[in-house]
file coords_37.csv (CSV, C-alpha atoms)
chain,number,residue,atom,x,y,z
A,1,MET,CA,9.9,56.0,-130.1
A,2,VAL,CA,9.1,53.5,-127.3
A,3,GLU,CA,11.5,53.8,-124.4
A,4,ARG,CA,13.0,50.4,-123.5
A,5,LEU,CA,12.8,49.3,-119.8
A,6,ARG,CA,16.0,48.0,-118.3
A,7,VAL,CA,15.9,45.0,-116.2
A,8,VAL,CA,17.9,45.7,-113.1
A,9,ASP,CA,19.4,42.9,-111.1
A,10,GLU,CA,18.3,43.8,-107.5
A,11,ARG,CA,20.3,41.0,-105.9
A,12,PRO,CA,23.1,42.3,-103.8
A,13,ARG,CA,26.6,41.9,-105.1
A,14,VAL,CA,29.6,41.3,-102.8
A,15,SER,CA,32.2,44.1,-103.2
A,16,ASN,CA,34.6,43.6,-100.3
A,17,ALA,CA,35.9,41.0,-97.8
A,18,VAL,CA,33.5,42.0,-95.0
A,19,GLU,CA,30.4,41.4,-97.3
A,20,ALA,CA,31.9,38.1,-98.5
A,21,GLU,CA,32.5,36.9,-94.9
A,22,THR,CA,29.0,38.0,-93.8
A,23,LEU,CA,27.3,36.2,-96.7
A,24,ILE,CA,29.2,33.0,-96.2
A,25,GLU,CA,28.6,33.1,-92.4
A,26,ALA,CA,24.9,33.6,-92.9
A,27,VAL,CA,24.7,30.7,-95.3
A,28,MET,CA,26.8,28.5,-92.9
A,29,GLU,CA,24.5,29.4,-90.0
A,30,THR,CA,21.4,28.5,-92.0
A,31,LEU,CA,23.1,25.3,-93.1
A,32,GLY,CA,23.9,24.4,-89.5
A,33,ALA,CA,20.3,24.9,-88.4
A,34,LEU,CA,19.0,22.9,-91.4
A,35,SER,CA,21.5,20.1,-90.6
A,36,HIS,CA,20.3,20.0,-87.0
A,37,VAL,CA,16.6,19.7,-88.0
A,38,VAL,CA,17.3,17.0,-90.6
A,39,GLY,CA,19.4,15.1,-88.1
A,40,GLU,CA,16.6,15.3,-85.5
A,41,GLU,CA,14.1,14.1,-88.1
A,42,THR,CA,16.4,11.2,-89.0
A,43,GLY,CA,16.8,10.2,-85.4
A,44,LEU,CA,13.0,10.4,-84.8
A,45,VAL,CA,12.2,8.3,-87.8
A,46,LYS,CA,14.8,5.7,-86.8
A,47,ALA,CA,13.1,5.6,-83.4
A,48,GLY,CA,9.7,5.1,-85.0
A,49,ARG,CA,8.4,8.4,-83.8
A,50,LEU,CA,7.0,9.5,-87.1
A,51,LYS,CA,4.5,12.0,-85.7
A,52,ASP,CA,7.3,13.9,-83.9
A,53,ALA,CA,9.4,13.7,-87.1
A,54,MET,CA,6.6,15.2,-89.2
A,55,GLU,CA,6.3,18.2,-86.8
A,56,ARG,CA,9.7,19.3,-88.0
A,57,GLU,CA,8.6,19.5,-91.6
A,58,THR,CA,7.6,23.2,-91.5
A,59,ARG,CA,10.8,24.4,-90.0
A,60,LYS,CA,12.8,22.2,-92.4
A,61,ALA,CA,11.0,23.6,-95.4
A,62,GLU,CA,11.5,27.2,-94.1
A,63,LEU,CA,15.3,26.6,-93.5
A,64,ALA,CA,15.7,24.9,-96.9
A,65,GLY,CA,14.2,27.9,-98.7
A,66,VAL,CA,16.5,30.3,-96.9
A,67,TYR,CA,19.4,28.0,-97.6
A,68,MET,CA,18.6,27.8,-101.3
A,69,LYS,CA,18.4,31.6,-101.5
A,70,GLY,CA,21.8,31.8,-99.8
A,71,VAL,CA,23.2,29.3,-102.3
A,72,GLU,CA,21.9,31.5,-105.2
A,73,GLN,CA,23.7,34.5,-103.6
A,74,ILE,CA,26.9,32.4,-103.3
A,75,LYS,CA,26.6,31.4,-107.0
A,76,LEU,CA,25.9,34.9,-108.0
A,77,ASN,CA,29.0,36.2,-106.2
A,78,ALA,CA,31.3,33.1,-106.7
A,79,VAL,CA,34.2,35.1,-108.2
A,80,ALA,CA,34.2,37.8,-105.5
A,81,LEU,CA,33.9,35.2,-102.7
A,82,ALA,CA,36.8,33.2,-104.0
A,83,ARG,CA,38.9,36.4,-104.1
A,84,PHE,CA,37.8,37.9,-100.8
A,85,ALA,CA,37.3,34.9,-98.6
A,86,PRO,CA,38.8,31.7,-100.1
A,87,GLU,CA,39.2,29.9,-96.8
A,88,LYS,CA,35.6,30.5,-95.8
A,89,VAL,CA,34.5,29.3,-99.3
A,90,LYS,CA,36.4,26.1,-98.6
A,91,ARG,CA,34.7,25.7,-95.2
A,92,LEU,CA,31.3,26.2,-96.9
A,93,LYS,CA,32.1,23.6,-99.5
A,94,ASN,CA,33.1,21.1,-96.8
A,95,ALA,CA,30.0,21.9,-94.8
A,96,HIS,CA,27.8,21.4,-97.9
A,97,LEU,CA,29.4,18.0,-98.6
A,98,ALA,CA,28.8,16.9,-95.0
A,99,PHE,CA,25.2,18.1,-95.4
A,100,GLN,CA,24.9,16.0,-98.5
A,101,ASP,CA,26.0,12.9,-96.5
A,102,LEU,CA,23.4,13.7,-93.9
A,103,ILE,CA,20.7,14.1,-96.6
A,104,ASP,CA,21.7,10.7,-98.0
A,105,LEU,CA,21.4,9.1,-94.6
A,106,ASN,CA,18.0,10.8,-94.1
A,107,GLN,CA,16.7,9.6,-97.5
A,108,THR,CA,17.8,6.0,-96.7
A,109,VAL,CA,16.0,6.1,-93.3
A,110,LEU,CA,12.9,7.6,-94.9
A,111,ALA,CA,12.9,5.0,-97.7
A,112,THR,CA,13.3,2.2,-95.1
A,113,ALA,CA,10.4,3.6,-93.0
A,114,ARG,CA,8.3,3.8,-96.2
A,115,ALA,CA,9.1,0.2,-97.2
A,116,ILE,CA,8.2,-1.0,-93.7
A,117,SER,CA,5.0,1.0,-93.6
A,118,GLU,CA,4.0,-0.4,-97.0
A,119,SER,CA,4.8,-3.9,-95.9
A,120,ILE,CA,2.7,-3.5,-92.8
A,121,MET,CA,-0.3,-2.1,-94.7
A,122,ARG,CA,0.0,-4.8,-97.4
A,123,ASP,CA,0.0,-7.6,-94.7
A,124,LEU,CA,-2.9,-5.9,-92.9
A,125,ALA,CA,-4.9,-5.7,-96.1
A,126,THR,CA,-4.1,-9.4,-96.9
A,127,ASP,CA,-5.1,-10.5,-93.4
A,128,THR,CA,-8.3,-8.4,-93.4
A,129,ASN,CA,-9.4,-9.7,-96.8
A,130,ARG,CA,-8.6,-13.4,-96.1
A,131,GLN,CA,-11.6,-15.6,-95.7
A,132,ASN,CA,-12.1,-16.7,-92.1
A,133,ARG,CA,-13.3,-20.3,-92.8
A,134,ALA,CA,-12.8,-23.5,-91.0
A,135,PRO,CA,-10.6,-25.6,-93.3
A,136,GLY,CA,-12.2,-29.0,-92.7
A,137,TYR,CA,-15.8,-28.3,-93.1
A,138,GLY,CA,-16.3,-27.3,-96.7
A,139,PRO,CA,-16.6,-24.0,-98.5
A,140,THR,CA,-19.7,-22.8,-96.7
A,141,ALA,CA,-18.6,-23.3,-93.2
A,142,THR,CA,-17.8,-20.2,-91.2
A,143,VAL,CA,-16.2,-19.7,-87.9
A,144,GLY,CA,-18.4,-17.8,-85.4
A,145,ALA,CA,-22.0,-17.4,-84.5
A,146,GLY,CA,-23.7,-19.2,-87.4
A,147,VAL,CA,-25.8,-16.9,-89.7
A,148,PHE,CA,-24.6,-13.8,-87.9
A,149,ALA,CA,-20.9,-14.6,-88.6
A,150,ARG,CA,-19.3,-12.5,-91.3
A,151,PRO,CA,-16.9,-14.5,-93.4
A,152,ASN,CA,-14.2,-11.7,-93.5
A,153,ALA,CA,-14.8,-10.6,-89.9
A,154,GLY,CA,-11.8,-10.7,-87.6
A,155,PRO,CA,-10.0,-8.6,-85.2
A,156,LEU,CA,-8.4,-5.5,-86.6
A,157,VAL,CA,-5.8,-3.5,-84.6
A,158,VAL,CA,-4.7,-0.1,-85.6
A,159,SER,CA,-2.0,1.8,-83.8
A,160,LYS,CA,-2.7,5.5,-83.4
A,161,SER,CA,0.7,6.2,-81.9
A,162,LEU,CA,2.3,6.2,-85.3
call {"tool": "encode", "arguments": {"input": "coords_37.csv", "output": "structure tokens"}}
result
Amino acid sequence: MVERLRVVDERPRVSNAVEAETLIEAVMETLGALSHVVGEETGLVKAGRLKDAMERETRKAELAGVYMKGVEQIKLNAVALARFAPEKVKRLKNAHLAFQDLIDLNQTVLATARAISESIMRDLATDTNRQNRAPGYGPTATVGAGVFARPNAGPLVVSKSL
């Protein structure tokens, strides 16, 4: 006969009030740090400091991963948490709702920045590809140094600060 292997759930279970409070406080602390990073990112994008905002991406991803693991622990222990620390559970729910509002604002700011960037790039491409011809002298007339003039040549400015 083949012996069956049991799958053991190795995730810790909350069995008392101290463990419940410790778990909730750990998740709240992570949520606070994540909220701070997302708030900073939102402010930097609003100010047009995209490079500085992108530097927070690694930390944000790290905190988001820790937060999601904490949320999984909260879900796994929902009944015990509601029994041992109902007030802290309520605080966590309120903090999570406030975080959702912050994420909505962040997504709005990022979408606006993306739309503006796309508009700038589209306008730049249009201007760069536009024929640089003198309007009153026919289709073959070019502005510039005669045979050395390139019809599409024109000044191109790129900002490296973004």
call {"tool": "closest_atom_pairs", "arguments": {"input": "coords_37.csv", "of": "region 21-87 of chain A", "to": "region 93-99 of chain A", "cutoff": "12 Å", "atoms": "only C-alpha atoms", "output": "JSON lines"}}
result
{"residue": "A:Ile24", "atom": "CA", "partner": "A:Lys93", "partner_atom": "CA", "distance": 10.4}
{"residue": "A:Glu25", "atom": "CA", "partner": "A:Ala95", "partner_atom": "CA", "distance": 11.5}
{"residue": "A:Val27", "atom": "CA", "partner": "A:His96", "partner_atom": "CA", "distance": 10.1}
{"residue": "A:Met28", "atom": "CA", "partner": "A:Ala95", "partner_atom": "CA", "distance": 7.6}
{"residue": "A:Glu29", "atom": "CA", "partner": "A:Ala95", "partner_atom": "CA", "distance": 10.5}
{"residue": "A:Thr30", "atom": "CA", "partner": "A:Ala95", "partner_atom": "CA", "distance": 11.2}
{"residue": "A:Leu31", "atom": "CA", "partner": "A:His96", "partner_atom": "CA", "distance": 7.8}
{"residue": "A:Gly32", "atom": "CA", "partner": "A:Ala95", "partner_atom": "CA", "distance": 8.5}
{"residue": "A:Ala33", "atom": "CA", "partner": "A:Phe99", "partner_atom": "CA", "distance": 10.9}
{"residue": "A:Leu34", "atom": "CA", "partner": "A:Phe99", "partner_atom": "CA", "distance": 8.8}
{"residue": "A:Ser35", "atom": "CA", "partner": "A:Phe99", "partner_atom": "CA", "distance": 6.4}
{"residue": "A:His36", "atom": "CA", "partner": "A:Phe99", "partner_atom": "CA", "distance": 9.9}
{"residue": "A:Val37", "atom": "CA", "partner": "A:Phe99", "partner_atom": "CA", "distance": 11.5}
{"residue": "A:Val38", "atom": "CA", "partner": "A:Phe99", "partner_atom": "CA", "distance": 9.3}
{"residue": "A:Gly39", "atom": "CA", "partner": "A:Phe99", "partner_atom": "CA", "distance": 9.8}
{"residue": "A:Ala64", "atom": "CA", "partner": "A:Phe99", "partner_atom": "CA", "distance": 11.8}
{"residue": "A:Tyr67", "atom": "CA", "partner": "A:His96", "partner_atom": "CA", "distance": 10.7}
{"residue": "A:Met68", "atom": "CA", "partner": "A:His96", "partner_atom": "CA", "distance": 11.7}
{"residue": "A:Val71", "atom": "CA", "partner": "A:His96", "partner_atom": "CA", "distance": 10.1}
{"residue": "A:Ile74", "atom": "CA", "partner": "A:Lys93", "partner_atom": "CA", "distance": 10.9}
{"residue": "A:Ala78", "atom": "CA", "partner": "A:Lys93", "partner_atom": "CA", "distance": 11.9}
{"residue": "A:Ala82", "atom": "CA", "partner": "A:Lys93", "partner_atom": "CA", "distance": 11.6}
{"residue": "A:Pro86", "atom": "CA", "partner": "A:Lys93", "partner_atom": "CA", "distance": 10.5}
{"residue": "A:Glu87", "atom": "CA", "partner": "A:Lys93", "partner_atom": "CA", "distance": 9.9}
call {"tool": "residues_around", "arguments": {"input": "coords_37.csv", "residues": "Ala80 (chain A)", "least_positions_apart": "3", "cutoff": "12 Å", "atoms": "only C-alpha atoms", "output": "list of chain:residue names"}}
result
A:Arg13, A:Val14, A:Ser15, A:Asn16, A:Ala17, A:Val18, A:Glu19, A:Ala20, A:Glu21, A:Leu23, A:Ile24, A:Gln73, A:Ile74, A:Lys75, A:Leu76, A:Asn77, A:Arg83, A:Phe84, A:Ala85, A:Pro86, A:Val89
call {"tool": "residues_around", "arguments": {"input": "coords_37.csv", "residues": "region 110-124 of chain A", "least_positions_apart": "2", "cutoff": "8 Å", "atoms": "only C-alpha atoms", "output": "PyMOL selection string"}}
result
chain A and resi 42+45-46+106-108+126-128
call {"tool": "atom_distance", "arguments": {"input": "coords_37.csv", "atom1": "CA of Asp52 (chain A)", "atom2": "CA of Val109 (chain A)"}}
result
15.0 Å
call {"tool": "atom_distance", "arguments": {"input": "coords_37.csv", "atom1": "CA of Arg49 (chain A)", "atom2": "CA of Gln100 (chain A)"}}
result
23.4 Å
call {"tool": "atom_distance", "arguments": {"input": "coords_37.csv", "atom1": "CA of Glu55 (chain A)", "atom2": "CA of Glu41 (chain A)"}}
result
8.9 Å
call {"tool": "closest_residue", "arguments": {"input": "coords_37.csv", "among": "A:Val66, A:Val79, A:Leu102, A:Ala47", "to": "Ala26 (chain A)", "atoms": "only C-alpha atoms"}}
result
A:Val66
call {"tool": "build_atoms", "arguments": {"input": "coords_37.csv", "residues": "region 31-43 of chain A", "atoms": "N, CA, C and O atoms", "output": "compact mmCIF listing (two decimals), keeping the file's coordinate frame"}}
result
# COMPACT_ATOMS: atom_id res chain seq x y z
N LEU A 31 22.76 26.64 -92.86
CA LEU A 31 23.10 25.30 -93.10
C LEU A 31 23.21 24.46 -91.83
O LEU A 31 22.74 23.31 -91.74
N GLY A 32 23.79 25.07 -90.81
CA GLY A 32 23.90 24.40 -89.50
C GLY A 32 22.53 24.13 -88.91
O GLY A 32 22.28 23.03 -88.39
N ALA A 33 21.65 25.12 -88.96
CA ALA A 33 20.30 24.90 -88.40
C ALA A 33 19.53 23.87 -89.21
O ALA A 33 18.84 23.03 -88.63
N LEU A 34 19.67 23.90 -90.53
CA LEU A 34 19.00 22.90 -91.40
C LEU A 34 19.55 21.51 -91.10
O LEU A 34 18.78 20.55 -90.99
N SER A 35 20.85 21.40 -90.94
CA SER A 35 21.50 20.10 -90.60
C SER A 35 20.94 19.56 -89.29
O SER A 35 20.67 18.36 -89.16
N HIS A 36 20.78 20.44 -88.33
CA HIS A 36 20.30 20.00 -87.00
C HIS A 36 18.85 19.48 -87.13
O HIS A 36 18.53 18.43 -86.58
N VAL A 37 18.00 20.18 -87.86
CA VAL A 37 16.60 19.70 -88.00
C VAL A 37 16.54 18.42 -88.79
O VAL A 37 15.80 17.51 -88.40
N VAL A 38 17.32 18.28 -89.84
CA VAL A 38 17.30 17.00 -90.60
C VAL A 38 17.87 15.89 -89.76
O VAL A 38 17.35 14.78 -89.79
N GLY A 39 18.90 16.17 -88.95
CA GLY A 39 19.40 15.10 -88.10
C GLY A 39 18.40 14.70 -87.02
O GLY A 39 18.27 13.50 -86.73
N GLU A 40 17.67 15.67 -86.47
CA GLU A 40 16.60 15.30 -85.50
C GLU A 40 15.54 14.46 -86.20
O GLU A 40 15.09 13.46 -85.63
N GLU A 41 15.14 14.86 -87.38
CA GLU A 41 14.10 14.10 -88.10
C GLU A 41 14.59 12.68 -88.37
O GLU A 41 13.84 11.72 -88.17
N THR A 42 15.84 12.51 -88.79
CA THR A 42 16.40 11.20 -89.00
C THR A 42 16.36 10.34 -87.79
O THR A 42 15.93 9.17 -87.82
N GLY A 43 16.78 10.91 -86.67
CA GLY A 43 16.80 10.20 -85.40
C GLY A 43 15.37 9.77 -84.98
O GLY A 43 15.16 8.65 -84.50
